[in-house]
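Peer 1: Next comes structure12.tsv, TSV, C-alpha atoms and all ligand atoms:
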```
chain	number	residue	atom	x	y	z
P	1054	MET	CA	-19.24	-0.24	-9.78
P	1055	LYS	CA	-19.17	1.88	-6.60
P	1056	ARG	CA	-21.23	5.03	-6.66
P	1057	VAL	CA	-21.02	8.24	-4.64
P	1058	ALA	CA	-23.29	11.28	-4.80
P	1059	LEU	CA	-22.69	15.00	-4.45
P	1060	ILE	CA	-25.40	17.57	-3.70
P	1061	GLY	CA	-23.95	20.80	-4.99
P	1062	GLY	CA	-24.82	24.25	-3.75
P	1063	THR	CA	-24.07	27.70	-5.13
P	1064	GLY	CA	-21.40	27.55	-7.83
P	1065	ALA	CA	-20.58	23.87	-7.24
P	1066	GLY	CA	-21.62	22.88	-10.77
P	1067	ARG	CA	-18.11	23.78	-11.91
P	1068	ILE	CA	-16.90	20.57	-10.25
P	1069	VAL	CA	-18.81	18.56	-12.89
P	1070	PRO	CA	-16.59	17.59	-15.86
P	1071	GLU	CA	-17.83	18.45	-19.37
P	1072	THR	CA	-17.95	14.76	-20.24
P	1073	ALA	CA	-20.70	14.11	-17.64
P	1074	HIS	CA	-24.06	13.02	-19.01
P	1075	SER	CA	-27.50	13.96	-17.72
P	1076	ARG	CA	-30.13	11.70	-16.24
P	1077	ALA	CA	-33.78	12.82	-16.29
P	1078	VAL	CA	-35.20	14.76	-13.35
P	1079	THR	CA	-36.43	12.25	-10.81
P	1080	GLN	CA	-40.07	12.25	-9.78
P	1081	THR	CA	-40.43	10.73	-6.31
P	1082	ARG	CA	-43.32	10.13	-3.93
P	1083	TRP	CA	-42.21	13.39	-2.26
P	1084	GLY	CA	-42.31	15.39	-5.49
P	1085	ARG	CA	-39.64	16.32	-8.04
P	1086	ALA	CA	-35.94	16.50	-7.28
P	1087	SER	CA	-34.31	19.92	-7.89
P	1088	ALA	CA	-32.90	18.99	-11.30
P	1089	ALA	CA	-31.59	16.25	-13.54
P	1090	THR	CA	-28.50	14.56	-12.11
P	1091	ARG	CA	-25.16	14.71	-13.92
P	1092	VAL	CA	-23.18	11.48	-13.92
P	1093	TRP	CA	-19.56	10.67	-14.72
P	1094	GLU	CA	-16.94	8.06	-14.02
P	1095	HIS	CA	-13.79	8.74	-12.04
P	1096	GLY	CA	-11.72	5.56	-12.49
P	1097	ASP	CA	-13.88	2.74	-11.15
P	1098	LEU	CA	-16.19	5.12	-9.31
P	1099	GLU	CA	-19.48	6.51	-10.58
P	1100	VAL	CA	-20.11	10.07	-9.38
P	1101	VAL	CA	-23.65	11.48	-9.38
P	1102	PHE	CA	-24.13	15.24	-9.00
P	1103	LEU	CA	-27.45	16.82	-8.04
P	1104	PRO	CA	-27.63	20.65	-8.12
P	1105	ARG	CA	-29.52	21.55	-4.93
P	1106	HIS	CA	-30.85	24.86	-6.25
P	1107	GLY	CA	-31.89	23.50	-9.66
P	1108	GLU	CA	-30.25	23.80	-13.08
P	1109	ALA	CA	-30.50	27.61	-13.08
P	1110	GLY	CA	-29.63	27.94	-9.38
P	1111	ALA	CA	-32.99	29.65	-8.81
P	1112	ILE	CA	-34.58	27.49	-6.08
P	1113	PRO	CA	-34.11	29.37	-2.78
P	1114	PRO	CA	-32.85	27.45	0.28
P	1115	HIS	CA	-36.28	27.32	1.99
P	1116	LYS	CA	-38.00	26.04	-1.19
P	1117	VAL	CA	-35.61	23.21	-2.04
P	1118	ASN	CA	-37.47	19.90	-2.03
P	1119	TYR	CA	-34.95	18.23	0.28
P	1120	ARG	CA	-37.10	15.13	0.65
P	1121	ALA	CA	-37.30	14.54	-3.11
P	1122	ASN	CA	-33.55	15.14	-3.48
P	1123	ILE	CA	-32.65	12.63	-0.78
P	1124	GLU	CA	-35.22	10.12	-2.05
P	1125	CYS	CA	-33.80	10.46	-5.58
P	1126	LEU	CA	-30.32	9.65	-4.26
P	1127	ARG	CA	-31.52	6.91	-1.90
P	1128	ALA	CA	-32.91	5.07	-4.95
P	1129	LEU	CA	-29.38	5.00	-6.42
P	1130	ALA	CA	-27.96	3.41	-3.24
P	1131	PRO	CA	-24.74	5.48	-3.15
P	1132	ALA	CA	-21.95	4.42	-0.79
P	1133	ALA	CA	-21.76	8.05	0.44
P	1134	VAL	CA	-23.39	11.44	-0.11
P	1135	ILE	CA	-21.47	14.71	0.22
P	1136	GLY	CA	-23.22	18.05	0.47
P	1137	ILE	CA	-21.20	20.94	-0.92
P	1138	ASN	CA	-22.34	24.12	0.86
P	1139	ALA	CA	-21.26	27.73	0.54
P	1140	VAL	CA	-21.15	29.28	4.01
P	1141	GLY	CA	-20.15	32.42	5.86
P	1142	GLY	CA	-17.28	32.28	8.34
P	1143	ILE	CA	-18.01	33.35	11.94
P	1144	THR	CA	-14.92	32.34	13.96
P	1145	PRO	CA	-11.39	33.33	12.87
P	1146	PRO	CA	-10.29	29.80	11.76
P	1147	ALA	CA	-13.22	29.73	9.30
P	1148	TRP	CA	-11.53	32.25	7.04
P	1149	PRO	CA	-12.79	33.03	3.53
P	1150	GLY	CA	-11.60	30.55	0.92
P	1151	ARG	CA	-11.11	27.80	3.50
P	1152	LEU	CA	-12.59	24.32	3.26
P	1153	VAL	CA	-14.46	23.31	6.44
P	1154	LEU	CA	-15.72	19.85	7.42
P	1155	PRO	CA	-18.32	20.47	10.13
P	1156	ASP	CA	-18.79	17.84	12.83
P	1157	GLN	CA	-21.79	19.52	14.48
P	1158	LEU	CA	-24.75	21.65	13.55
P	1159	ILE	CA	-27.48	23.79	15.08
P	1160	ASP	CA	-30.75	24.03	13.17
P	1161	TYR	CA	-32.35	27.50	13.12
P	1162	THR	CA	-34.58	26.77	10.11
P	1163	TRP	CA	-38.36	26.64	10.30
P	1164	GLY	CA	-41.32	25.66	8.13
P	1165	ARG	CA	-39.36	23.28	5.88
P	1166	GLU	CA	-40.57	19.75	5.09
P	1167	HIS	CA	-37.94	18.25	7.35
P	1168	THR	CA	-38.81	14.56	7.81
P	1169	PHE	CA	-40.02	11.48	5.96
P	1170	SER	CA	-42.01	10.64	9.12
P	1171	ASP	CA	-45.03	12.70	8.04
P	1172	GLY	CA	-47.62	10.41	9.61
P	1173	ALA	CA	-48.97	9.30	6.26
P	1174	ASN	CA	-46.41	8.17	3.69
P	1175	ALA	CA	-43.75	6.59	5.85
P	1176	GLY	CA	-43.47	4.97	9.26
P	1177	LEU	CA	-42.52	6.97	12.34
P	1178	GLN	CA	-38.78	7.03	13.04
P	1179	HIS	CA	-36.96	8.84	15.84
P	1180	VAL	CA	-33.53	8.70	14.28
P	1181	GLU	CA	-30.44	9.31	16.38
P	1182	PHE	CA	-28.80	12.45	15.05
P	1183	ASP	CA	-25.63	12.79	16.99
P	1184	PRO	CA	-23.13	13.06	15.48
P	1185	PRO	CA	-25.10	14.65	12.63
P	1186	PHE	CA	-22.45	13.88	9.98
P	1187	ASP	CA	-20.85	10.52	9.21
P	1188	GLU	CA	-17.59	10.59	11.17
P	1189	ALA	CA	-15.71	8.08	8.99
P	1190	LEU	CA	-16.66	10.04	5.89
P	1191	ARG	CA	-15.59	13.29	7.49
P	1192	SER	CA	-12.20	11.96	8.43
P	1193	ALA	CA	-11.75	10.40	4.96
P	1194	LEU	CA	-12.47	13.84	3.46
P	1195	ALA	CA	-9.96	15.43	5.84
P	1196	GLN	CA	-7.33	12.88	4.75
P	1197	ALA	CA	-8.17	13.49	1.10
P	1198	ALA	CA	-7.80	17.25	1.58
P	1199	LEU	CA	-4.43	16.68	3.22
P	1200	ALA	CA	-3.33	14.42	0.34
P	1201	ALA	CA	-4.41	17.11	-2.14
P	1202	GLY	CA	-2.49	19.79	-0.23
P	1203	VAL	CA	-5.72	21.60	0.65
P	1204	ASP	CA	-5.83	23.32	4.00
P	1205	VAL	CA	-8.91	22.23	5.93
P	1206	LEU	CA	-10.67	23.05	9.19
P	1207	ALA	CA	-11.66	19.52	10.19
P	1208	THR	CA	-14.12	20.29	13.01
P	1209	ALA	CA	-16.67	23.08	13.19
P	1210	THR	CA	-20.26	23.78	14.15
P	1211	TYR	CA	-22.55	24.76	11.27
P	1212	GLY	CA	-25.48	27.08	12.15
P	1213	VAL	CA	-28.24	26.59	9.59
P	1214	THR	CA	-30.36	29.71	9.05
P	1215	GLN	CA	-33.59	30.09	7.14
P	1216	GLY	CA	-32.56	32.61	4.49
P	1217	PRO	CA	-32.77	33.67	1.81
P	1218	ARG	CA	-31.80	36.94	3.44
P	1219	LEU	CA	-28.42	37.16	5.10
P	1220	GLU	CA	-28.12	37.69	8.87
P	1221	THR	CA	-27.78	40.78	11.03
P	1222	ALA	CA	-24.61	41.29	13.07
P	1223	ALA	CA	-26.61	40.63	16.25
P	1224	GLU	CA	-27.89	37.34	14.83
P	1225	ILE	CA	-24.32	36.30	14.03
P	1226	ASP	CA	-23.25	37.29	17.58
P	1227	ARG	CA	-26.00	35.02	18.88
P	1228	LEU	CA	-24.86	32.16	16.63
P	1229	ALA	CA	-21.28	32.70	17.84
P	1230	ALA	CA	-22.47	32.62	21.48
P	1231	ASP	CA	-24.25	29.34	20.65
P	1232	GLY	CA	-20.93	27.93	19.42
P	1233	CYS	CA	-21.35	28.22	15.65
P	1234	ASP	CA	-18.20	28.59	13.52
P	1235	ILE	CA	-19.90	28.84	10.13
P	1236	VAL	CA	-23.35	29.87	8.91
P	1237	GLY	CA	-25.26	28.60	5.89
P	1238	MET	CA	-28.80	27.90	4.78
P	1239	THR	CA	-28.89	24.39	3.38
P	1240	ALA	CA	-27.41	21.68	5.62
P	1241	MET	CA	-30.83	21.19	7.20
P	1242	PRO	CA	-33.06	19.36	6.74
P	1243	GLU	CA	-30.74	17.67	4.22
P	1244	ALA	CA	-28.49	16.06	6.85
P	1245	ALA	CA	-31.41	14.78	8.95
P	1246	LEU	CA	-33.23	13.37	5.91
P	1247	ALA	CA	-30.04	11.61	4.82
P	1248	ARG	CA	-29.89	10.04	8.30
P	1249	GLU	CA	-33.55	8.97	8.07
P	1250	ALA	CA	-32.82	7.48	4.64
P	1251	GLY	CA	-29.88	5.51	6.05
P	1252	LEU	CA	-27.36	7.31	3.81
P	1253	ARG	CA	-23.81	8.10	4.87
P	1254	TYR	CA	-23.65	11.90	4.63
P	1255	ALA	CA	-21.12	14.64	5.32
P	1256	VAL	CA	-20.71	18.27	4.33
P	1257	CYS	CA	-17.84	19.98	2.51
P	1258	ALA	CA	-18.45	23.60	3.44
P	1259	VAL	CA	-16.67	26.31	1.49
P	1260	VAL	CA	-16.30	29.65	3.25
P	1261	VAL	CA	-17.18	32.30	0.67
P	1262	ASN	CA	-17.48	35.34	2.95
P	1263	ARG	CA	-17.04	36.62	6.46
P	1264	ALA	CA	-20.43	36.63	8.21
P	1265	ALA	CA	-22.36	39.83	8.95
P	1266	GLY	CA	-20.61	41.96	11.57
P	1267	ARG	CA	-17.33	40.07	10.93
P	1268	LEU	CA	-16.47	41.72	7.60
P	1269	ALA	CA	-13.21	43.55	6.96
P	1270	PRO	CA	-13.60	47.36	6.97
P	1271	GLY	CA	-15.38	48.50	3.80
P	1272	ALA	CA	-16.13	44.93	2.69
P	1273	THR	CA	-19.59	43.57	1.87
P	1274	ILE	CA	-20.84	39.98	1.96
P	1275	HIS	CA	-21.47	39.94	-1.80
P	1276	GLY	CA	-18.08	41.53	-2.40
P	1277	ASP	CA	-16.47	38.75	-0.33
P	1278	MET	CA	-18.39	36.14	-2.32
P	1279	GLY	CA	-17.14	37.59	-5.62
P	1280	GLN	CA	-13.61	37.42	-4.27
P	1281	PHE	CA	-13.62	34.00	-2.55
P	1282	LEU	CA	-16.19	31.69	-4.21
P	1283	ASP	CA	-13.85	30.51	-6.98
P	1284	VAL	CA	-10.87	29.85	-4.73
P	1285	ALA	CA	-13.02	28.07	-2.13
P	1286	LEU	CA	-14.69	25.85	-4.72
P	1287	GLY	CA	-11.30	25.12	-6.24
P	1288	HIS	CA	-10.19	23.77	-2.86
P	1289	ALA	CA	-13.34	21.65	-2.54
P	1290	GLY	CA	-12.87	20.26	-6.06
P	1291	ARG	CA	-9.26	19.24	-5.36
P	1292	ALA	CA	-10.18	17.59	-2.05
P	1293	LEU	CA	-13.12	15.76	-3.61
P	1294	ARG	CA	-11.06	14.46	-6.54
P	1295	ALA	CA	-8.52	13.12	-4.03
P	1296	TRP	CA	-11.41	11.53	-2.12
P	1297	PHE	CA	-12.67	9.85	-5.33
P	1298	GLU	CA	-9.24	8.23	-5.64
P	1299	MET	CA	-9.64	6.64	-2.21
P	1300	TRP	CA	-12.54	4.35	-3.23
P	1401	LIG	N1	-24.94	33.49	5.86
P	1401	LIG	C1	-25.80	32.50	5.53
P	1401	LIG	N2	-25.61	31.72	4.46
P	1401	LIG	C2	-24.53	31.93	3.71
P	1401	LIG	C3	-23.61	32.94	4.00
P	1401	LIG	C4	-23.82	33.75	5.14
P	1401	LIG	O1	-23.03	34.66	5.47
P	1401	LIG	N3	-22.65	32.87	3.03
P	1401	LIG	C5	-22.99	31.85	2.20
P	1401	LIG	N4	-24.12	31.28	2.61
```
Write the structure described by the file as structure tokens, please.

Peer 2:
Amino acid sequence: MKRVALIGGTGAGRIVPETAHSRAVTQTRWGRASAATRVWEHGDLEVVFLPRHGEAGAIPPHKVNYRANIECLRALAPAAVIGINAVGGITPPAWPGRLVLPDQLIDYTWGREHTFSDGANAGLQHVEFDPPFDEALRSALAQAALAAGVDVLATATYGVTQGPRLETAAEIDRLAADGCDIVGMTAMPEAALAREAGLRYAVCAVVVNRAAGRLAPGATIHGDMGQFLDVALGHAGRALRAWFEMW
């Protein structure tokens, strides 16, 4: 049976059907994965879901054990891994509620365990990281979104910030000047570790707010999130279910 894996961010647990069963939290040589995985079958496909921020959603972006999460999935040899990431929209086409499939990223994070090449436990690798997301997977997701009638922005640059605080308007202006369309806190080092692990990886980003300094008059980031998280995740769920049908 073919298997695919999802690493779900904020709110993404609602994509998991009630019939899914749990597998024990994986202990790896890099420590414990964020949580137990949830597993279900979609036709002939096995889908494995790992909640990035733990069962209670309490692990902050800079404390996620990205290495353990990727190692846990690597051991299952999935045909593809999709990260589901809530993000802020910077440029006008990345409007709140929209599904975005980034094709590029800029890493602004620091101090995270960001490689398996730690000089002790694994051999040194200088992986090629351009493009940072699997292009075939990205275009399959774009096709699936189209088939599901979900509007999608199929290319974008994802700026990955350290968090957990949100950005200042000046920081968002800088990201915009760098070419970022969306901003989030979790695509790195996840994407680079997936590359090191030899996994096909892409991101389904859901825009849940306008970024700092880009808000509508009177709006707040948390207010935007309350308004747009459900609709954005609904779009991701529909696109992903259409993608499951394509295997
Ligand atoms: N900035 C950073 N990360 C985020 C945002 C944001 O505006 N929204 C959701 N994740």

Peer 1: Restricting the calculation to all atoms listed in the file: of P:Val1057, P:Leu1282, P:Val1117, P:Ala1201, which residue gets closest to Gln1215 in chain P?

Peer 2: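 Smallest distance to Gln1215 in chain P is found for P:Val1117.
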
Peer 1: Counting all atoms listed in the file, which residues of chain P sit at most 9 Å from some atom of ligand LIG 1401 (chain P), and what is each one's closest atom pair with its distance in Å to one decimal, listed by chain and rising residue number, as a tab-separated table?

Peer 2:
```
residue	atom	partner	partner_atom	distance
P:Thr1063	CA	P:LIG1401	C5	8.5
P:Asn1138	CA	P:LIG1401	N4	7.6
P:Ala1139	CA	P:LIG1401	C5	4.8
P:Val1140	CA	P:LIG1401	C5	3.6
P:Gly1141	CA	P:LIG1401	O1	3.7
P:Gly1142	CA	P:LIG1401	O1	6.9
P:Ile1143	CA	P:LIG1401	O1	8.3
P:Gly1212	CA	P:LIG1401	C1	8.6
P:Val1213	CA	P:LIG1401	C1	7.6
P:Thr1214	CA	P:LIG1401	C1	6.4
P:Gln1215	CA	P:LIG1401	C1	8.3
P:Gly1216	CA	P:LIG1401	C1	6.8
P:Pro1217	CA	P:LIG1401	N2	7.9
P:Arg1218	CA	P:LIG1401	C1	7.8
P:Leu1219	CA	P:LIG1401	N1	5.1
P:Glu1220	CA	P:LIG1401	N1	6.1
P:Ile1225	CA	P:LIG1401	N1	8.7
P:Ile1235	CA	P:LIG1401	C4	8.0
P:Val1236	CA	P:LIG1401	C1	4.9
P:Gly1237	CA	P:LIG1401	N2	3.4
P:Met1238	CA	P:LIG1401	N2	5.0
P:Thr1239	CA	P:LIG1401	N2	8.1
P:Val1259	CA	P:LIG1401	C5	8.4
P:Val1260	CA	P:LIG1401	C5	7.1
P:Val1261	CA	P:LIG1401	N3	6.0
P:Asn1262	CA	P:LIG1401	N3	5.7
P:Arg1263	CA	P:LIG1401	O1	6.4
P:Ala1264	CA	P:LIG1401	O1	4.3
P:Ala1265	CA	P:LIG1401	O1	6.3
P:Ile1274	CA	P:LIG1401	O1	6.7
P:His1275	CA	P:LIG1401	N3	8.6
P:Met1278	CA	P:LIG1401	N3	7.6
```

Peer 1: Between P:Ala1209, P:Val1069, P:Ala1193, P:Val1100, which residue has the minimum interatomic distance to Thr1144 in chain P, considering only C-alpha atoms?

Peer 2: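 Answer, going by the shortest atom-to-atom distance: P:Ala1209.
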
Peer 1: Just the number, please: distance in Å from CA of Phe1297 in chain P to CA of Gln1196 in chain P, one decimal.

Peer 2: 11.8 Å

Peer 1: Which of these, P:Ala1247, P:Leu1286, P:Ala1088, P:Leu1103, has the shortest distance to Ala1133 in chain P once you count only C-alpha atoms?

Peer 2: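 Closest to Ala1133 in chain P of all the choices is P:Ala1247.
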
Peer 1: Quick one: pull the distance between CA of Asn1118 in chain P and CA of Thr1168 in chain P, Å, one decimal.

Peer 2: 11.3 Å

Peer 1: Taking only C-alpha atoms into account, name the residue in P:Gly1266, P:Trp1083, P:Ala1089, P:Pro1145 that is nearest to Glu1224 in chain P.

Peer 2: P:Gly1266

Peer 1: One decimal, Å: what's the distance from CA of Ala1147 in chain P over to CA of Ala1269 in chain P, could you say?

Peer 2: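 Computing it gives 14.0 Å between the two atoms.
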
Peer 1: Kindly extract all protein, DNA and RNA residues lying within 12 Å of the coordinates (-22.0, 9.3, -6.1) given in the file, considering only C-alpha atoms, and supply them as a ChimeraX atom specification.

Peer 2: /P:1054-1061,1069,1090-1095,1097-1103,1125-1136,1252-1254,1293,1296-1297,1300

Peer 1: Counting all atoms listed in the file, figure out which residue out of P:Gly1066, P:Gly1276, P:Glu1249, P:Ala1200 gets nearest to Met1299 in chain P.

Peer 2: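 The shortest atom-to-atom distance to Met1299 in chain P comes from P:Ala1200.
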
Peer 1: Considering only C-alpha atoms, state which residue in the set P:Pro1070, P:Gly1084, P:Gly1164, P:Gly1232 is at the smallest distance from Ala1121 in chain P.

Peer 2: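 Distance minimum relative to Ala1121 in chain P lands on P:Gly1084.
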
Peer 1: Please identify all polymer residues lying at most 10 Å from the point (-18.2, 17.9, 15.1) (file coordinates), using only C-alpha atoms, and present the result as a VMD selection string.

Peer 2: chain P and resid 1154 to 1158 1183 to 1188 1191 1207 to 1211
